[in-house]
Amino acid sequence: MPAAPPSAAADSDPPVSAVPDVLAPGQDELTAYGFGLTNAALRTTRGSGDLRKPDFAGSAARLERIAVELRPRAIAFVGKEAYRGPFGGRPMHGLQERRLGGTVLFVLPSTSPANAAVPYAERLRWFRELRRLLS
């Protein structure tokens, strides 16, 4: 996540951080902290608006396999479209009713510059909510 703008830096909560260290590109230590990354759609595009239903083919089943095999406490989706692609519906930010095995699903606001209409403080609130859920 980019550095907080000055208006958000005065917030009383500490910054959101998933790991205690800055990891360089290519470092494989993320899983040592209990985190992993994947994509809901396997095709790279300029933006979520360029993705189509076929780009998400098989993604719900793949995410379910990840949940069953790796048993993460949560799978977080950065942006509503990342969740909508595999599962459909109109998700709200935050904890979802759907579960994959014992894994909860959580939708975060998009961090894309195209989502600049959502204030930084609002985006940060949801990342902090996920951190609280996992604490």
# chains A, B, ... in the order shown; residues from 1 in each chain; ligands from 1
>>> residues_around(residues="Leu100 in chain A", least_positions_apart="2", cutoff="6 Å", atoms="only C-alpha atoms", output="PyMOL selection string")
chain A and resi 64+102-103
>>> write_last_selection(atoms="all heavy atoms", output="PDB file, in the first residue's frame")
ATOM      1  N   GLU A  64     -11.340 -22.303  -3.835  1.00  0.00           N
ATOM      2  CA  GLU A  64     -11.807 -23.279  -2.850  1.00  0.00           C
ATOM      3  C   GLU A  64     -10.733 -24.319  -2.555  1.00  0.00           C
ATOM      4  O   GLU A  64     -10.525 -24.701  -1.402  1.00  0.00           O
ATOM      5  CB  GLU A  64     -13.092 -23.954  -3.309  1.00  0.00           C
ATOM      6  CG  GLU A  64     -13.651 -24.874  -2.240  1.00  0.00           C
ATOM      7  CD  GLU A  64     -15.145 -25.059  -2.350  1.00  0.00           C
ATOM      8  OE1 GLU A  64     -15.738 -24.722  -3.380  1.00  0.00           O
ATOM      9  OE2 GLU A  64     -15.705 -25.579  -1.361  1.00  0.00           O
ATOM     10  N   GLY A 102     -13.492 -23.493   6.107  1.00  0.00           N
ATOM     11  CA  GLY A 102     -13.450 -22.665   7.308  1.00  0.00           C
ATOM     12  C   GLY A 102     -12.853 -21.291   7.063  1.00  0.00           C
ATOM     13  O   GLY A 102     -12.610 -20.549   8.008  1.00  0.00           O
ATOM     14  N   THR A 103     -12.612 -20.946   5.818  1.00  0.00           N
ATOM     15  CA  THR A 103     -11.954 -19.686   5.478  1.00  0.00           C
ATOM     16  C   THR A 103     -12.981 -18.591   5.222  1.00  0.00           C
ATOM     17  O   THR A 103     -13.894 -18.763   4.420  1.00  0.00           O
ATOM     18  CB  THR A 103     -11.065 -19.873   4.231  1.00  0.00           C
ATOM     19  OG1 THR A 103     -10.077 -20.869   4.506  1.00  0.00           O
ATOM     20  CG2 THR A 103     -10.380 -18.579   3.835  1.00  0.00           C
TER      21      THR A 103
END
>>> closest_atom_pairs(of="range 46-99 of chain A", to="range 36-39 of chain A", cutoff="12 Å", atoms="only C-alpha atoms", output="CSV")
residue,atom,partner,partner_atom,distance
A:Ser48,CA,A:Asn39,CA,11.8
A:Asp55,CA,A:Asn39,CA,10.8
A:Phe56,CA,A:Asn39,CA,9.6
A:Gly58,CA,A:Asn39,CA,11.9
A:Ser59,CA,A:Asn39,CA,8.7
A:Ala60,CA,A:Asn39,CA,11.1
A:Arg62,CA,A:Asn39,CA,10.2
A:Leu63,CA,A:Thr38,CA,8.9
A:Ile66,CA,A:Thr38,CA,9.7
A:Ala67,CA,A:Gly36,CA,11.5
A:Leu70,CA,A:Gly36,CA,9.9
A:Arg71,CA,A:Gly36,CA,11.5
A:Pro72,CA,A:Gly36,CA,9.1
A:Arg73,CA,A:Gly36,CA,11.6
A:Ala74,CA,A:Gly36,CA,10.6
A:Ile75,CA,A:Gly36,CA,9.3
A:Ala76,CA,A:Leu37,CA,9.5
A:Phe77,CA,A:Asn39,CA,8.8
A:Val78,CA,A:Asn39,CA,9.7
A:Gly79,CA,A:Asn39,CA,11.6
A:Glu81,CA,A:Asn39,CA,11.5
A:Ala82,CA,A:Asn39,CA,8.0
A:Tyr83,CA,A:Asn39,CA,10.3
A:Gly85,CA,A:Asn39,CA,10.7
A:Pro86,CA,A:Asn39,CA,10.5
>>> write_last_selection(atoms="N, CA, C and O atoms", output="short mmCIF file (atom, residue, chain, number, x, y, z; two decimals), in the first residue's frame")
data_model
loop_
_atom_site.label_atom_id
_atom_site.label_comp_id
_atom_site.auth_asym_id
_atom_site.auth_seq_id
_atom_site.Cartn_x
_atom_site.Cartn_y
_atom_site.Cartn_z
N SER A 48 -9.73 -3.55 -14.05
CA SER A 48 -10.75 -4.58 -13.82
C SER A 48 -11.88 -4.50 -14.84
O SER A 48 -12.52 -5.50 -15.13
N ASP A 55 -12.52 -14.82 -18.15
CA ASP A 55 -11.24 -14.64 -17.45
C ASP A 55 -11.26 -15.24 -16.05
O ASP A 55 -10.21 -15.51 -15.48
N PHE A 56 -12.45 -15.43 -15.52
CA PHE A 56 -12.59 -15.99 -14.17
C PHE A 56 -12.98 -17.46 -14.17
O PHE A 56 -13.25 -18.04 -13.12
N GLY A 58 -13.19 -21.11 -13.69
CA GLY A 58 -12.48 -22.02 -12.79
C GLY A 58 -11.90 -21.35 -11.55
O GLY A 58 -11.35 -22.04 -10.69
N SER A 59 -12.03 -20.04 -11.43
CA SER A 59 -11.39 -19.37 -10.29
C SER A 59 -12.05 -19.69 -8.95
O SER A 59 -11.37 -19.81 -7.94
N ALA A 60 -13.36 -19.86 -8.92
CA ALA A 60 -14.03 -20.19 -7.66
C ALA A 60 -13.54 -21.55 -7.16
O ALA A 60 -13.23 -21.71 -5.97
N ARG A 62 -10.69 -22.99 -7.94
CA ARG A 62 -9.27 -22.87 -7.59
C ARG A 62 -9.12 -22.23 -6.21
O ARG A 62 -8.33 -22.70 -5.38
N LEU A 63 -9.90 -21.19 -5.93
CA LEU A 63 -9.84 -20.55 -4.62
C LEU A 63 -10.33 -21.49 -3.52
O LEU A 63 -9.79 -21.50 -2.41
N ILE A 66 -7.53 -23.83 -2.74
CA ILE A 66 -6.54 -23.13 -1.90
C ILE A 66 -7.02 -23.10 -0.45
O ILE A 66 -6.26 -23.38 0.48
N ALA A 67 -8.29 -22.79 -0.24
CA ALA A 67 -8.84 -22.72 1.11
C ALA A 67 -8.79 -24.06 1.81
O ALA A 67 -8.42 -24.16 2.98
N LEU A 70 -4.70 -25.21 2.01
CA LEU A 70 -3.80 -24.38 2.81
C LEU A 70 -4.43 -23.86 4.10
O LEU A 70 -3.73 -23.42 4.99
N ARG A 71 -5.77 -23.90 4.17
CA ARG A 71 -6.53 -23.50 5.35
C ARG A 71 -6.16 -22.12 5.89
O ARG A 71 -5.90 -21.97 7.09
N PRO A 72 -6.17 -21.10 5.02
CA PRO A 72 -5.93 -19.75 5.55
C PRO A 72 -7.13 -19.31 6.38
O PRO A 72 -8.23 -19.79 6.19
N ARG A 73 -6.89 -18.41 7.30
CA ARG A 73 -8.01 -17.87 8.09
C ARG A 73 -8.91 -17.00 7.24
O ARG A 73 -10.10 -16.91 7.48
N ALA A 74 -8.31 -16.32 6.26
CA ALA A 74 -9.09 -15.42 5.40
C ALA A 74 -8.49 -15.37 4.01
O ALA A 74 -7.29 -15.57 3.84
N ILE A 75 -9.35 -15.12 3.04
CA ILE A 75 -8.92 -14.74 1.70
C ILE A 75 -9.49 -13.35 1.47
O ILE A 75 -10.70 -13.14 1.60
N ALA A 76 -8.61 -12.41 1.19
CA ALA A 76 -9.03 -11.02 0.97
C ALA A 76 -8.95 -10.70 -0.52
O ALA A 76 -8.01 -11.10 -1.20
N PHE A 77 -9.94 -9.99 -0.99
CA PHE A 77 -10.03 -9.58 -2.39
C PHE A 77 -9.82 -8.08 -2.44
O PHE A 77 -10.54 -7.34 -1.77
N VAL A 78 -8.86 -7.62 -3.21
CA VAL A 78 -8.61 -6.19 -3.35
C VAL A 78 -9.47 -5.69 -4.50
O VAL A 78 -9.14 -5.85 -5.67
N GLY A 79 -10.60 -5.13 -4.14
CA GLY A 79 -11.58 -4.64 -5.11
C GLY A 79 -12.77 -5.56 -5.21
O GLY A 79 -12.65 -6.79 -5.15
N GLU A 81 -14.58 -6.17 -7.80
CA GLU A 81 -14.56 -6.97 -9.03
C GLU A 81 -13.77 -8.26 -8.85
O GLU A 81 -14.09 -9.28 -9.46
N ALA A 82 -12.74 -8.22 -8.02
CA ALA A 82 -11.94 -9.43 -7.77
C ALA A 82 -12.79 -10.51 -7.10
O ALA A 82 -12.60 -11.70 -7.33
N TYR A 83 -13.73 -10.10 -6.26
CA TYR A 83 -14.66 -11.04 -5.62
C TYR A 83 -15.79 -11.42 -6.58
O TYR A 83 -16.15 -12.59 -6.70
N GLY A 85 -15.94 -11.54 -9.79
CA GLY A 85 -15.55 -12.42 -10.90
C GLY A 85 -15.77 -13.90 -10.59
O GLY A 85 -16.47 -14.59 -11.32
N PRO A 86 -15.23 -14.41 -9.50
CA PRO A 86 -15.43 -15.83 -9.17
C PRO A 86 -16.82 -16.15 -8.63
O PRO A 86 -17.35 -17.22 -8.88
#
>>> select_by_dssp(residues="range 45-133 of chain A", states="strand (DSSP E or B)", output="list in words")
Ala74, Ile75, Ala76, Phe77, Val78, Gly94, Leu95, Gln96, Glu97, Arg98, Arg99, Leu100, Thr103, Val104, Leu105, Phe106, Val107 and Leu108 of chain A
>>> atom_distance(atom1="CA of Met92 in chain A", atom2="CA of Val107 in chain A")
7.1 Å
>>> closest_residue(among="A:His93, A:Arg131, A:Arg123, A:Lys53", to="Thr111 in chain A", atoms="only C-alpha atoms")
A:Arg123
>>> select_by_dssp(residues="range 16-86 of chain A", states="helix (DSSP H, G or I)", output="count of residues only")
31
>>> atom_distance(atom1="CA of Ala116 in chain A", atom2="CA of Asp50 in chain A")
18.1 Å
>>> atom_distance(atom1="CA of Gly89 in chain A", atom2="CA of Arg52 in chain A")
14.9 Å
>>> decode(residues="chain A", atoms="C-alpha atoms", output="compact mmCIF listing (two decimals), in the first residue's frame")
# COMPACT_ATOMS: atom_id res chain seq x y z
CA MET A 1 0.00 0.00 0.00
CA PRO A 2 1.39 3.46 -0.79
CA ALA A 3 2.52 5.73 2.00
CA ALA A 4 -0.25 7.54 3.81
CA PRO A 5 -0.95 11.08 2.65
CA PRO A 6 -0.32 13.71 5.34
CA SER A 7 -4.04 13.99 6.15
CA ALA A 8 -4.17 10.31 7.13
CA ALA A 9 -0.79 10.18 8.89
CA ALA A 10 -2.20 11.82 12.02
CA ASP A 11 -4.63 8.94 12.58
CA SER A 12 -4.17 7.36 16.03
CA ASP A 13 -4.05 3.76 14.72
CA PRO A 14 -0.65 2.46 13.62
CA PRO A 15 -0.09 1.98 9.89
CA VAL A 16 -1.40 -1.20 8.32
CA SER A 17 1.39 -3.69 7.72
CA ALA A 18 1.17 -7.37 6.91
CA VAL A 19 4.82 -8.13 7.66
CA PRO A 20 7.43 -6.56 9.96
CA ASP A 21 10.03 -6.18 7.18
CA VAL A 22 10.16 -4.67 3.72
CA LEU A 23 10.51 -7.52 1.24
CA ALA A 24 12.39 -7.07 -2.01
CA PRO A 25 10.92 -8.30 -5.30
CA GLY A 26 11.63 -12.01 -5.68
CA GLN A 27 11.88 -12.72 -1.96
CA ASP A 28 9.86 -15.81 -1.08
CA GLU A 29 9.48 -15.13 2.65
CA LEU A 30 5.88 -13.92 2.53
CA THR A 31 4.51 -17.38 3.37
CA ALA A 32 6.76 -17.47 6.46
CA TYR A 33 4.55 -14.66 7.79
CA GLY A 34 1.40 -16.64 7.03
CA PHE A 35 0.50 -14.78 3.82
CA GLY A 36 0.19 -15.74 0.21
CA LEU A 37 -0.89 -13.94 -2.93
CA THR A 38 -2.89 -15.07 -5.93
CA ASN A 39 -5.15 -13.59 -8.58
CA ALA A 40 -8.83 -14.27 -9.07
CA ALA A 41 -8.37 -13.83 -12.83
CA LEU A 42 -5.29 -15.30 -14.43
CA ARG A 43 -5.15 -12.77 -17.29
CA THR A 44 -3.44 -9.44 -16.71
CA THR A 45 -5.33 -6.37 -17.91
CA ARG A 46 -5.00 -2.59 -17.65
CA GLY A 47 -7.96 -2.48 -15.28
CA SER A 48 -10.75 -4.58 -13.82
CA GLY A 49 -13.15 -3.17 -16.41
CA ASP A 50 -11.21 -5.06 -19.09
CA LEU A 51 -11.88 -8.43 -17.48
CA ARG A 52 -14.67 -10.63 -18.81
CA LYS A 53 -16.52 -13.60 -17.34
CA PRO A 54 -14.30 -16.17 -19.17
CA ASP A 55 -11.24 -14.64 -17.45
CA PHE A 56 -12.59 -15.99 -14.17
CA ALA A 57 -13.40 -19.49 -15.45
CA GLY A 58 -12.48 -22.02 -12.79
CA SER A 59 -11.39 -19.37 -10.29
CA ALA A 60 -14.03 -20.19 -7.66
CA ALA A 61 -12.97 -23.85 -7.67
CA ARG A 62 -9.27 -22.87 -7.59
CA LEU A 63 -9.84 -20.55 -4.62
CA GLU A 64 -11.81 -23.28 -2.85
CA ARG A 65 -8.91 -25.72 -3.37
CA ILE A 66 -6.54 -23.13 -1.90
CA ALA A 67 -8.84 -22.72 1.11
CA VAL A 68 -9.18 -26.46 1.69
CA GLU A 69 -5.51 -27.34 1.12
CA LEU A 70 -3.80 -24.38 2.81
CA ARG A 71 -6.53 -23.50 5.35
CA PRO A 72 -5.93 -19.75 5.55
CA ARG A 73 -8.01 -17.87 8.09
CA ALA A 74 -9.09 -15.42 5.40
CA ILE A 75 -8.92 -14.74 1.70
CA ALA A 76 -9.03 -11.02 0.97
CA PHE A 77 -10.03 -9.58 -2.39
CA VAL A 78 -8.61 -6.19 -3.35
CA GLY A 79 -11.58 -4.64 -5.11
CA LYS A 80 -15.17 -5.74 -5.48
CA GLU A 81 -14.56 -6.97 -9.03
CA ALA A 82 -11.94 -9.43 -7.77
CA TYR A 83 -14.66 -11.04 -5.62
CA ARG A 84 -17.50 -10.65 -8.14
CA GLY A 85 -15.55 -12.42 -10.90
CA PRO A 86 -15.43 -15.83 -9.17
CA PHE A 87 -18.59 -15.58 -7.06
CA GLY A 88 -20.96 -13.09 -8.69
CA GLY A 89 -23.32 -10.92 -6.71
CA ARG A 90 -22.78 -7.39 -5.51
CA PRO A 91 -20.38 -7.59 -2.55
CA MET A 92 -19.99 -4.80 -0.06
CA HIS A 93 -16.62 -4.06 1.51
CA GLY A 94 -15.79 -6.19 4.51
CA LEU A 95 -16.58 -9.69 5.70
CA GLN A 96 -18.74 -11.74 3.31
CA GLU A 97 -21.38 -14.32 4.23
CA ARG A 98 -19.82 -16.90 1.88
CA ARG A 99 -17.12 -19.15 3.33
CA LEU A 100 -14.77 -21.56 1.61
CA GLY A 101 -14.48 -24.39 4.10
CA GLY A 102 -13.45 -22.66 7.31
CA THR A 103 -11.95 -19.69 5.48
CA VAL A 104 -13.69 -16.32 5.66
CA LEU A 105 -13.81 -14.04 2.63
CA PHE A 106 -13.18 -10.31 2.96
CA VAL A 107 -13.51 -7.60 0.30
CA LEU A 108 -11.19 -4.60 0.47
CA PRO A 109 -11.53 -1.42 -1.56
CA SER A 110 -9.52 -1.30 -4.75
CA THR A 111 -6.13 0.39 -4.38
CA SER A 112 -6.12 1.33 -8.07
CA PRO A 113 -5.70 5.00 -8.95
CA ALA A 114 -8.97 4.55 -10.87
CA ASN A 115 -10.63 4.21 -7.44
CA ALA A 116 -9.40 7.65 -6.31
CA ALA A 117 -12.98 8.77 -5.64
CA VAL A 118 -12.90 6.62 -2.49
CA PRO A 119 -11.02 8.68 0.13
CA TYR A 120 -7.77 7.28 1.48
CA ALA A 121 -9.16 7.21 5.04
CA GLU A 122 -12.09 5.04 3.89
CA ARG A 123 -9.77 2.59 2.13
CA LEU A 124 -7.47 2.48 5.14
CA ARG A 125 -10.43 1.76 7.43
CA TRP A 126 -11.14 -1.51 5.59
CA PHE A 127 -7.50 -2.64 5.64
CA ARG A 128 -7.44 -1.98 9.39
CA GLU A 129 -10.70 -3.91 9.79
CA LEU A 130 -9.09 -6.91 8.08
CA ARG A 131 -6.08 -6.60 10.38
CA ARG A 132 -8.41 -6.56 13.42
CA LEU A 133 -10.26 -9.62 12.10
CA LEU A 134 -6.99 -11.54 11.80
CA SER A 135 -5.49 -10.37 15.13
